[in-house]
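Everything below concerns the one structure shown next.
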Amino acid sequence: MADQNTSQQQTLEQQTLEQQTEEQELIARLNSETAKIAWHDLQTHYAAGNVLGIAAAADLIKVAIALNRDDAAQIKQWLADSSLFEISDQQATDWYESNQQLWALVLPPFVLVQQVAD
């Protein structure tokens with residue numbers, strides 16, 4: 001019985017380690033795919049309705065991970081508290097007029113954007 005418990009514990013530890021490694025790899029990949037871009041360069045994506053905004057206080061990578069994993073409960077919470085939001089026409093116009101620089105991350109079909117901190 002002790003051998004079976006030890007084996008189960010080792011299997012659980014292995015699975016946990018694999019999950020942590022997968023998480024770290026995903027974070028590294030998303031970080032490497034995040035870049036600053038001018039709003040003018042995102043016009044076709046905005047026109048297609050594929051641009052989502054991330055509030056300044058939110059973590060762009062955490063939002064991307066939740067979308068990647070289809071974590072509906074977390075996404076609904078962020079939509080409710082405006083950590084994740086649709087870009088309004090007024091916001092798009094303001095960004096267009098100033099050609100705002102944004103952090104952007106493509107997570108098909110979406111482009112996630114977040115204002116660059118001053």
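Residues are referred to by chain and number: the chain letter is A, B, ... according to the order shown in the structure tokens, the number counts from 1 in that chain, and ligands are numbered separately from 1 in the order shown.
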If we count only C-alpha atoms, what is near Tyr96 of chain A at a cut-off of 9 Å, once residues fewer than 6 positions away on the same chain are taken out, given as a ChimeraX atom specification?
/A:38-40,43
Written selection (C-alpha atoms) as a PDB file, in the first residue's frame:
ATOM      1  CA  ALA A  38       1.146  52.316 -33.389  1.00  0.00           C
ATOM      2  CA  TRP A  39      -2.664  52.455 -33.418  1.00  0.00           C
ATOM      3  CA  HIS A  40      -2.605  53.340 -37.149  1.00  0.00           C
ATOM      4  CA  GLN A  43      -6.886  49.863 -38.117  1.00  0.00           C
TER       5      GLN A  43
END
DSSP-assigned alpha helix (DSSP H) among segment 7-97 of chain A, expressed as a ChimeraX atom specification:
/A:7-32,43-47,60-68,72-80,89-97
Preceding selection exported with C-alpha atoms as an mmCIF file, in the first residue's frame:
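The new file part_26.cif reads:
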data_model
loop_
_atom_site.group_PDB
_atom_site.id
_atom_site.type_symbol
_atom_site.label_atom_id
_atom_site.label_comp_id
_atom_site.auth_asym_id
_atom_site.auth_seq_id
_atom_site.Cartn_x
_atom_site.Cartn_y
_atom_site.Cartn_z
ATOM 1 C CA SER A 7 3.877 5.937 -6.846
ATOM 2 C CA GLN A 8 0.693 8.043 -6.928
ATOM 3 C CA GLN A 9 2.474 10.905 -5.191
ATOM 4 C CA GLN A 10 5.341 10.748 -7.681
ATOM 5 C CA THR A 11 2.864 10.750 -10.576
ATOM 6 C CA LEU A 12 1.094 13.804 -9.134
ATOM 7 C CA GLU A 13 4.408 15.583 -8.619
ATOM 8 C CA GLN A 14 5.401 14.798 -12.216
ATOM 9 C CA GLN A 15 2.072 16.139 -13.532
ATOM 10 C CA THR A 16 2.428 19.304 -11.446
ATOM 11 C CA LEU A 17 5.953 19.829 -12.751
ATOM 12 C CA GLU A 18 4.787 19.339 -16.342
ATOM 13 C CA GLN A 19 1.933 21.833 -15.838
ATOM 14 C CA GLN A 20 4.332 24.384 -14.356
ATOM 15 C CA THR A 21 6.713 23.915 -17.286
ATOM 16 C CA GLU A 22 3.869 24.312 -19.797
ATOM 17 C CA GLU A 23 2.737 27.482 -17.991
ATOM 18 C CA GLN A 24 6.277 28.903 -18.022
ATOM 19 C CA GLU A 25 6.669 28.095 -21.722
ATOM 20 C CA LEU A 26 3.337 29.767 -22.528
ATOM 21 C CA ILE A 27 4.285 32.872 -20.538
ATOM 22 C CA ALA A 28 7.661 33.055 -22.275
ATOM 23 C CA ARG A 29 6.062 32.645 -25.715
ATOM 24 C CA LEU A 30 3.419 35.304 -25.046
ATOM 25 C CA ASN A 31 6.021 37.719 -23.680
ATOM 26 C CA SER A 32 8.166 37.218 -26.768
ATOM 27 C CA GLN A 43 -6.886 49.863 -38.117
ATOM 28 C CA THR A 44 -7.829 46.804 -40.173
ATOM 29 C CA HIS A 45 -8.038 44.692 -37.018
ATOM 30 C CA TYR A 46 -10.142 47.336 -35.285
ATOM 31 C CA ALA A 47 -12.440 47.623 -38.323
ATOM 32 C CA LEU A 60 -1.763 41.611 -20.389
ATOM 33 C CA ILE A 61 -0.136 38.177 -20.202
ATOM 34 C CA LYS A 62 -2.628 36.852 -17.626
ATOM 35 C CA VAL A 63 -5.509 37.993 -19.821
ATOM 36 C CA ALA A 64 -3.910 36.316 -22.838
ATOM 37 C CA ILE A 65 -3.473 33.083 -20.883
ATOM 38 C CA ALA A 66 -7.136 33.131 -19.819
ATOM 39 C CA LEU A 67 -8.241 33.678 -23.417
ATOM 40 C CA ASN A 68 -5.868 30.967 -24.611
ATOM 41 C CA ALA A 72 -14.908 31.891 -19.451
ATOM 42 C CA ALA A 73 -15.476 32.667 -15.765
ATOM 43 C CA GLN A 74 -12.322 34.784 -15.505
ATOM 44 C CA ILE A 75 -12.982 36.511 -18.819
ATOM 45 C CA LYS A 76 -16.544 37.388 -17.732
ATOM 46 C CA GLN A 77 -15.185 38.826 -14.491
ATOM 47 C CA TRP A 78 -12.675 41.000 -16.368
ATOM 48 C CA LEU A 79 -15.361 42.158 -18.803
ATOM 49 C CA ALA A 80 -17.611 43.039 -15.862
ATOM 50 C CA ASP A 89 -15.324 54.458 -31.236
ATOM 51 C CA GLN A 90 -14.277 57.486 -29.169
ATOM 52 C CA GLN A 91 -11.223 55.667 -27.806
ATOM 53 C CA ALA A 92 -10.293 54.539 -31.316
ATOM 54 C CA THR A 93 -10.620 58.114 -32.591
ATOM 55 C CA ASP A 94 -8.477 59.490 -29.756
ATOM 56 C CA TRP A 95 -5.808 56.877 -30.385
ATOM 57 C CA TYR A 96 -5.961 57.501 -34.123
ATOM 58 C CA GLU A 97 -5.521 61.264 -33.727
#
As an MDAnalysis selection string, please: every residue in segment 25-87 of chain A that DSSP puts in strand (DSSP E or B).
chainID A and resid 35:38 51:54 84:86
From the list A:Leu52, A:Glu33, A:Gln100, A:Asp41, which residue is nearest Gln115 of chain A when using only C-alpha atoms?
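So, comparing all the options, the nearest one is A:Gln100.
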Coordinates-based distance that separates atom CA of Leu105 of chain A from atom CA of Ser88 of chain A (Å, one decimal):
18.7 Å
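Atom CA of Gly49 of chain A is positioned 17.6 Å from atom CA of Ile37 of chain A.
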